[in-house]
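Asks: If it helps, the file is called structure-v5.pdb and holds PDB, C-alpha atoms:
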ATOM      1  CA  MET A  89      17.404 -40.750 -10.190
ATOM      2  CA  LYS A  90      18.084 -41.123  -6.471
ATOM      3  CA  SER A  91      20.276 -38.010  -6.526
ATOM      4  CA  ILE A  92      17.398 -35.975  -7.967
ATOM      5  CA  LEU A  93      14.882 -36.885  -5.269
ATOM      6  CA  PRO A  94      16.559 -34.892  -2.464
ATOM      7  CA  ARG A  95      16.602 -31.809  -4.720
ATOM      8  CA  LEU A  96      12.913 -32.176  -5.553
ATOM      9  CA  THR A  97      12.102 -32.640  -1.879
ATOM     10  CA  PHE A  98      14.055 -29.510  -0.978
ATOM     11  CA  CYS A  99      12.269 -27.478  -3.652
ATOM     12  CA  LEU A 100       8.867 -28.666  -2.499
ATOM     13  CA  LEU A 101       9.685 -27.752   1.099
ATOM     14  CA  ALA A 102      10.854 -24.320  -0.050
ATOM     15  CA  LEU A 103       7.569 -23.859  -1.909
ATOM     16  CA  VAL A 104       5.597 -24.718   1.223
ATOM     17  CA  PHE A 105       7.711 -22.309   3.291
ATOM     18  CA  LEU A 106       7.167 -19.480   0.820
ATOM     19  CA  GLY A 107       3.462 -20.189   0.810
ATOM     20  CA  LEU A 108       3.332 -19.897   4.595
ATOM     21  CA  THR A 109       5.355 -16.702   4.758
ATOM     22  CA  ALA A 110       3.356 -15.144   1.924
ATOM     23  CA  SER A 111       0.325 -15.000   4.196
ATOM     24  CA  SER A 112       1.802 -11.898   5.854
ATOM     25  CA  ALA A 113       3.161 -10.359   2.620
ATOM     26  CA  TYR A 114       0.107  -9.332   0.664
ATOM     27  CA  ALA A 115       0.154  -8.786  -3.084
ATOM     28  CA  ASP A 116      -2.747  -6.354  -2.741
ATOM     29  CA  GLY A 117      -2.730  -2.868  -1.310
ATOM     30  CA  ILE A 118      -2.925   0.809  -2.299
ATOM     31  CA  VAL A 119      -2.905   1.790  -5.970
ATOM     32  CA  LEU A 120      -3.120   5.060  -7.889
ATOM     33  CA  VAL A 121      -6.471   5.736  -9.553
ATOM     34  CA  GLY A 122      -5.435   8.929 -11.343
ATOM     35  CA  SER A 123      -5.591  12.703 -11.189
ATOM     36  CA  ASN A 124      -8.611  14.254  -9.524
ATOM     37  CA  THR A 125      -9.465  17.823  -8.575
ATOM     38  CA  LEU A 126     -12.223  17.105  -6.029
ATOM     39  CA  ARG A 127     -12.248  19.497  -3.112
ATOM     40  CA  PRO A 128     -12.432  17.936   0.382
ATOM     41  CA  ASP A 129     -15.169  20.260   1.653
ATOM     42  CA  GLY A 130     -18.631  18.944   0.882
ATOM     43  CA  VAL A 131     -17.617  15.697  -0.816
ATOM     44  CA  GLY A 132     -16.766  13.502   2.165
ATOM     45  CA  LEU A 133     -12.997  13.878   1.942
ATOM     46  CA  ARG A 134     -11.169  15.118   5.027
ATOM     47  CA  THR A 135      -7.609  16.065   5.844
ATOM     48  CA  VAL A 136      -5.931  13.321   7.883
ATOM     49  CA  LEU A 137      -2.226  13.924   7.326
ATOM     50  CA  SER A 138       0.078  16.762   6.289
ATOM     51  CA  LEU A 139       3.768  16.205   5.598
ATOM     52  CA  GLN A 140       6.400  18.906   5.334
ATOM     53  CA  SER A 141      10.070  18.261   4.703
ATOM     54  CA  PRO A 142      12.639  19.888   6.999
ATOM     55  CA  GLY A 143      14.695  22.637   5.382
ATOM     56  CA  HIS A 144      17.832  20.501   5.037
ATOM     57  CA  THR A 145      16.303  17.581   3.123
ATOM     58  CA  SER A 146      14.028  16.893   0.176
ATOM     59  CA  THR A 147      12.458  13.844   1.851
ATOM     60  CA  GLU A 148       9.363  14.069   4.029
ATOM     61  CA  SER A 149       8.189  10.988   5.909
ATOM     62  CA  GLY A 150       5.746  10.592   8.778
ATOM     63  CA  GLY A 151       2.250   9.680   9.794
ATOM     64  CA  ILE A 152      -0.546   9.493  12.326
ATOM     65  CA  LYS A 153      -1.597   6.455  14.348
ATOM     66  CA  TRP A 154      -4.094   5.548  17.078
ATOM     67  CA  THR A 155      -2.630   4.470  20.424
ATOM     68  CA  GLY A 156      -5.857   3.418  22.146
ATOM     69  CA  SER A 157      -6.117   6.654  24.088
ATOM     70  CA  GLY A 158      -5.451   9.205  21.380
ATOM     71  CA  ASP A 159      -3.718  10.065  18.122
ATOM     72  CA  GLN A 160       0.075  10.074  17.894
ATOM     73  CA  VAL A 161       1.900  12.110  15.253
ATOM     74  CA  PHE A 162       5.368  10.970  14.161
ATOM     75  CA  GLY A 163       8.048  11.887  11.662
ATOM     76  CA  ASP A 164       7.643  14.941   9.445
ATOM     77  CA  ALA A 165       3.894  15.219   9.971
ATOM     78  CA  THR A 166       3.070  18.830  10.780
ATOM     79  CA  ARG A 167       1.764  19.411  14.284
ATOM     80  CA  GLY A 168      -1.774  20.684  14.564
ATOM     81  CA  GLY A 169      -5.350  19.814  13.684
ATOM     82  CA  THR A 170      -4.536  18.532  10.198
ATOM     83  CA  ASN A 171      -3.339  15.140  11.454
ATOM     84  CA  ASN A 172      -5.907  12.748  12.854
ATOM     85  CA  THR A 173      -7.150   9.193  12.607
ATOM     86  CA  VAL A 174     -10.745   8.651  11.504
ATOM     87  CA  SER A 175     -13.230   5.990  12.607
ATOM     88  CA  LEU A 176     -14.888   3.893   9.933
ATOM     89  CA  THR A 177     -18.250   5.161  11.194
ATOM     90  CA  ASP A 178     -17.269   8.829  10.840
ATOM     91  CA  LEU A 179     -15.911   8.182   7.367
ATOM     92  CA  GLY A 180     -19.077   6.378   6.317
ATOM     93  CA  VAL A 181     -17.384   3.053   5.635
ATOM     94  CA  THR A 182     -19.602  -0.031   5.966
ATOM     95  CA  ARG A 183     -18.839  -3.733   5.718
ATOM     96  CA  ASN A 184     -20.115  -3.691   2.139
ATOM     97  CA  SER A 185     -18.238  -0.528   1.158
ATOM     98  CA  THR A 186     -14.624  -0.671   2.299
ATOM     99  CA  ALA A 187     -12.883   0.827  -0.748
ATOM    100  CA  ILE A 188     -11.281   3.758   1.047
ATOM    101  CA  GLN A 189      -9.976   6.543  -1.153
ATOM    102  CA  ILE A 190      -6.832   8.500  -0.297
ATOM    103  CA  GLY A 191      -6.539  11.910  -1.911
ATOM    104  CA  ILE A 192      -3.241  13.765  -1.997
ATOM    105  CA  ASN A 193      -2.695  17.459  -2.567
ATOM    106  CA  VAL A 194       0.744  18.340  -3.929
ATOM    107  CA  ASN A 195       1.732  21.707  -2.477
ATOM    108  CA  GLU A 196       5.246  22.981  -3.105
ATOM    109  CA  PRO A 197       6.244  26.606  -2.379
ATOM    110  CA  SER A 198       8.168  26.952  -5.652
ATOM    111  CA  GLY A 199       5.572  24.893  -7.471
ATOM    112  CA  GLY A 200       2.951  25.437 -10.068
ATOM    113  CA  PRO A 201       2.139  23.553 -13.263
ATOM    114  CA  GLY A 202       5.402  22.465 -14.857
ATOM    115  CA  SER A 203       7.421  22.422 -11.633
ATOM    116  CA  ASP A 204       9.508  19.466 -10.511
ATOM    117  CA  PRO A 205       7.280  16.537  -9.504
ATOM    118  CA  ILE A 206       7.340  14.764  -6.171
ATOM    119  CA  ASN A 207       7.827  11.016  -5.779
ATOM    120  CA  VAL A 208       5.470   9.079  -3.504
ATOM    121  CA  THR A 209       7.680   6.147  -2.556
ATOM    122  CA  ALA A 210       5.676   4.627   0.313
ATOM    123  CA  MET A 211       2.200   4.775   1.798
ATOM    124  CA  THR A 212       0.611   2.638   4.495
ATOM    125  CA  LEU A 213      -2.996   2.665   5.642
ATOM    126  CA  THR A 214      -3.555   1.016   9.031
ATOM    127  CA  ALA A 215      -6.768   0.160  10.878
ATOM    128  CA  TYR A 216      -6.538   0.113  14.691
ATOM    129  CA  ASP A 217      -8.942  -1.415  17.186
ATOM    130  CA  THR A 218     -10.047   0.468  20.303
ATOM    131  CA  SER A 219      -6.955  -0.689  22.221
ATOM    132  CA  GLY A 220      -4.578   0.648  19.577
ATOM    133  CA  SER A 221      -3.625  -2.707  18.036
ATOM    134  CA  ALA A 222      -3.235  -2.802  14.257
ATOM    135  CA  VAL A 223      -5.730  -5.254  12.765
ATOM    136  CA  PHE A 224      -5.282  -4.314   9.097
ATOM    137  CA  THR A 225      -2.545  -2.781   6.963
ATOM    138  CA  ALA A 226      -2.280  -2.015   3.271
ATOM    139  CA  ASN A 227       0.871  -0.744   1.593
ATOM    140  CA  LEU A 228       1.572   1.102  -1.627
ATOM    141  CA  ILE A 229       2.083  -1.270  -4.563
ATOM    142  CA  ASN A 230       3.184  -0.726  -8.169
ATOM    143  CA  GLY A 231       5.019   2.404  -7.046
ATOM    144  CA  PRO A 232       6.843   4.669  -6.608
ATOM    145  CA  TYR A 233       4.558   7.238  -8.208
ATOM    146  CA  THR A 234       5.803  10.501  -9.724
ATOM    147  CA  LEU A 235       3.172  13.217  -9.287
ATOM    148  CA  GLN A 236       3.197  16.654 -10.871
ATOM    149  CA  LEU A 237       1.660  19.581  -9.027
ATOM    150  CA  LEU A 238      -1.684  20.326 -10.700
ATOM    151  CA  GLY A 239      -2.763  23.523  -8.966
ATOM    152  CA  ASN A 240      -1.620  26.063  -6.408
ATOM    153  CA  GLY A 241      -2.697  26.145  -2.787
ATOM    154  CA  GLN A 242      -4.283  23.710  -0.389
ATOM    155  CA  GLY A 243      -7.742  22.184  -0.276
ATOM    156  CA  THR A 244      -7.750  20.161  -3.489
ATOM    157  CA  ALA A 245      -7.019  16.458  -3.877
ATOM    158  CA  ASP A 246      -4.828  16.456  -6.987
ATOM    159  CA  TYR A 247      -4.595  12.660  -7.130
ATOM    160  CA  ILE A 248      -6.650   9.770  -5.784
ATOM    161  CA  PHE A 249      -5.331   6.450  -4.469
ATOM    162  CA  THR A 250      -7.534   3.589  -3.313
ATOM    163  CA  LEU A 251      -7.516   0.100  -1.867
ATOM    164  CA  ASP A 252      -7.723  -2.487  -4.606
ATOM    165  CA  GLN A 253     -10.466  -5.118  -4.444
ATOM    166  CA  ASP A 254      -8.437  -7.675  -2.499
ATOM    167  CA  ALA A 255      -7.283  -5.166   0.123
ATOM    168  CA  ALA A 256     -10.848  -3.873   0.492
ATOM    169  CA  ALA A 257     -11.991  -7.472   1.012
ATOM    170  CA  ARG A 258      -9.387  -7.964   3.762
ATOM    171  CA  LEU A 259     -10.631  -4.841   5.511
ATOM    172  CA  ALA A 260     -14.223  -6.073   5.216
ATOM    173  CA  ALA A 261     -13.186  -9.337   6.863
ATOM    174  CA  VAL A 262     -12.095  -7.502  10.042
ATOM    175  CA  TYR A 263     -14.720  -4.767   9.816
ATOM    176  CA  ASP A 264     -15.763  -3.044  13.010
ATOM    177  CA  PRO A 265     -17.420   0.390  12.916
ATOM    178  CA  ASN A 266     -15.157   1.502  15.779
ATOM    179  CA  LEU A 267     -11.904   0.806  13.922
ATOM    180  CA  ARG A 268      -9.825   3.920  13.422
ATOM    181  CA  ILE A 269      -7.673   4.345  10.339
ATOM    182  CA  GLY A 270      -4.393   6.196  10.168
ATOM    183  CA  LEU A 271      -1.947   6.918   7.380
ATOM    184  CA  GLN A 272       1.784   7.268   6.923
ATOM    185  CA  ALA A 273       3.730   8.129   3.789
ATOM    186  CA  THR A 274       7.155   8.935   2.413
ATOM    187  CA  ILE A 275       7.731  11.509  -0.323
ATOM    188  CA  THR A 276      11.012  12.404  -2.029
ATOM    189  CA  ASN A 277      11.995  15.390  -4.189
ATOM    190  CA  ALA A 278       9.885  17.635  -1.969
ATOM    191  CA  GLN A 279      10.763  21.320  -1.898
ATOM    192  CA  GLY A 280       9.034  22.104   1.381
ATOM    193  CA  GLY A 281       5.375  21.135   1.279
ATOM    194  CA  PRO A 282       3.168  20.542   3.073
ATOM    195  CA  GLU A 283       1.592  17.731   1.102
ATOM    196  CA  SER A 284      -1.855  16.884   2.492
ATOM    197  CA  PHE A 285      -3.766  13.609   2.422
ATOM    198  CA  TYR A 286      -7.538  13.165   2.575
ATOM    199  CA  PHE A 287      -9.818  10.189   3.195
ATOM    200  CA  GLY A 288     -12.971   9.318   1.292
ATOM    201  CA  ILE A 289     -14.850   6.244   0.103
ATOM    202  CA  GLY A 290     -15.476   4.989  -3.413
ATOM    203  CA  LYS A 291     -15.166   2.062  -5.789
ATOM    204  CA  SER A 292     -12.166  -0.237  -5.563
ATOM    205  CA  SER A 293      -9.853  -0.743  -8.506
ATOM    206  CA  THR A 294      -9.212  -3.881 -10.485
ATOM    207  CA  PRO A 295      -7.462  -6.782  -8.715
ATOM    208  CA  VAL A 296      -3.668  -6.840  -8.641
ATOM    209  CA  PRO A 297      -2.023  -9.821 -10.399
ATOM    210  CA  GLU A 298       0.083 -12.353  -8.467
ATOM    211  CA  PRO A 299       3.637 -11.209  -7.669
ATOM    212  CA  THR A 300       6.382 -12.138 -10.096
ATOM    213  CA  THR A 301       8.243 -14.077  -7.418
ATOM    214  CA  MET A 302       5.642 -16.849  -7.549
ATOM    215  CA  LEU A 303       5.937 -16.909 -11.356
ATOM    216  CA  LEU A 304       9.696 -17.254 -11.140
ATOM    217  CA  LEU A 305       9.356 -20.032  -8.563
ATOM    218  CA  GLY A 306       6.957 -21.922 -10.811
ATOM    219  CA  THR A 307       9.347 -21.514 -13.748
ATOM    220  CA  GLY A 308      12.203 -22.900 -11.644
ATOM    221  CA  LEU A 309      10.235 -25.991 -10.631
ATOM    222  CA  ALA A 310       9.254 -26.565 -14.248
ATOM    223  CA  GLY A 311      12.926 -26.449 -15.212
ATOM    224  CA  ILE A 312      13.842 -29.038 -12.577
ATOM    225  CA  ALA A 313      11.072 -31.328 -13.786
ATOM    226  CA  ALA A 314      12.385 -31.001 -17.357
ATOM    227  CA  LYS A 315      15.873 -32.017 -16.228
ATOM    228  CA  VAL A 316      14.486 -35.051 -14.433
ATOM    229  CA  ARG A 317      12.662 -36.181 -17.584
ATOM    230  CA  LYS A 318      15.777 -35.618 -19.699
ATOM    231  CA  ARG A 319      17.965 -37.741 -17.412
ATOM    232  CA  ARG A 320      15.295 -40.423 -17.227
ATOM    233  CA  ASN A 321      15.117 -40.585 -21.026
ATOM    234  CA  LYS A 322      18.897 -40.873 -21.265
ATOM    235  CA  GLY A 323      18.823 -43.752 -18.764
ATOM    236  CA  GLU A 324      16.195 -45.616 -20.783
ATOM    237  CA  LYS A 325      18.176 -45.206 -24.019
ATOM    238  CA  ALA A 326      21.322 -46.508 -22.324
TER     239      ALA A 326
END
Translate this file's structure into structure tokens.
Replies:
Amino acid sequence: MKSILPRLTFCLLALVFLGLTASSAYADGIVLVGSNTLRPDGVGLRTVLSLQSPGHTSTESGGIKWTGSGDQVFGDATRGGTNNTVSLTDLGVTRNSTAIQIGINVNEPSGGPGSDPINVTAMTLTAYDTSGSAVFTANLINGPYTLQLLGNGQGTADYIFTLDQDAAARLAAVYDPNLRIGLQATITNAQGGPESFYFGIGKSSTPVPEPTTMLLLGTGLAGIAAKVRKRRNKGEKA
């Protein structure tokens, strides 16, 4: 029995450590709602990011962020007026309505219905305060997502992503009307682009279940407890 106690103590300490580190690794984030053919003009959606892969690669990755004095474009984001952060006030986000929608338009030069789909492998929405410090982030979960081109040309959000309820609640907790939100994403199997992203507001999706790592940890602790009981029973029979 004495030899089991150090193992149980170690496992309990590991559980506490994982619980502390999990505070910065959120199980919530950005999820796919489904296909949508809303047009940005007139419905509150606006272009905030356009990504175009260089000619020698099928991966496009980049974004836009707020530095405190202006917007900064990085990666494969196309230069020009189609990349910009947006304040929560300009977007119409309030403390009680923080379910930001992210529309994406798939736009491939050799595309059209039935063409090869793109893969959205990463997406991060970040809220910056007036000094340029990130006060909120939400990452793509349950991905990657394989998205087929639905129509030709720009100006239509083919698919809609959103913050789930827990991520929207985290944003509400740090809400400030002056926060500016930026976006970055990574897409593979792109044939040129540009893929464009739009912001809007809407209803959040259903909550995301706890990550499987916590389930596995709980199963492991249950197994250790079973072994302790088994050895204890053997000792009593002896």
Asks: Going by the chain IDs and residue numbers used in this file, which residues fall under the PyMOL selection byres ((chain A and resi 159) around 12)? Write them as a PyMOL selection string.
Replies: chain A and resi 136-137+151-158+160-162+167-175+216+218-220+268-271
Asks: Name the residues captured by the PyMOL selection byres ((chain A and resi 192-197) around 6) when it is applied to the shown file; answer as an MDAnalysis selection string.
Replies: chainID A and resid 191 198:199 237 244:247 279:285
Asks: So, counting only C-alpha atoms, which residue among A:Thr147, A:Thr186, A:Asn124, A:Thr250 is closest to Thr209 in chain A?
Replies: A:Thr147
Asks: Work out how far apart CA of Val181 in chain A and CA of Ala256 in chain A are and give it in Å to one decimal.
Replies: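 Taking CA of Val181 in chain A as the start and CA of Ala256 in chain A as the end point, the length is 10.8 Å.
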Asks: What does the distance from CA of Asp254 in chain A to CA of Thr182 in chain A come to in Å, to one decimal?
Replies: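 About the pair CA of Asp254 in chain A and CA of Thr182 in chain A: they are 16.0 Å apart.
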Asks: Interatomic distance between CA of Val119 in chain A and CA of Leu228 in chain A?
Replies: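 Straight-line distance from CA of Val119 in chain A to CA of Leu228 in chain A works out to 6.3 Å.
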Asks: Take the PyMOL selection byres ((chain A and resi 225) around 6), apply it to the structure above, and return the hits as a PyMOL selection string.
Replies: chain A and resi 213-214+224+226
Asks: Between A:Ile118, A:Leu139, A:Ala261, A:Ile289, which is the closest to Phe249 in chain A once you count only C-alpha atoms?
Replies: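 So, comparing all the options, the nearest one is A:Ile118.
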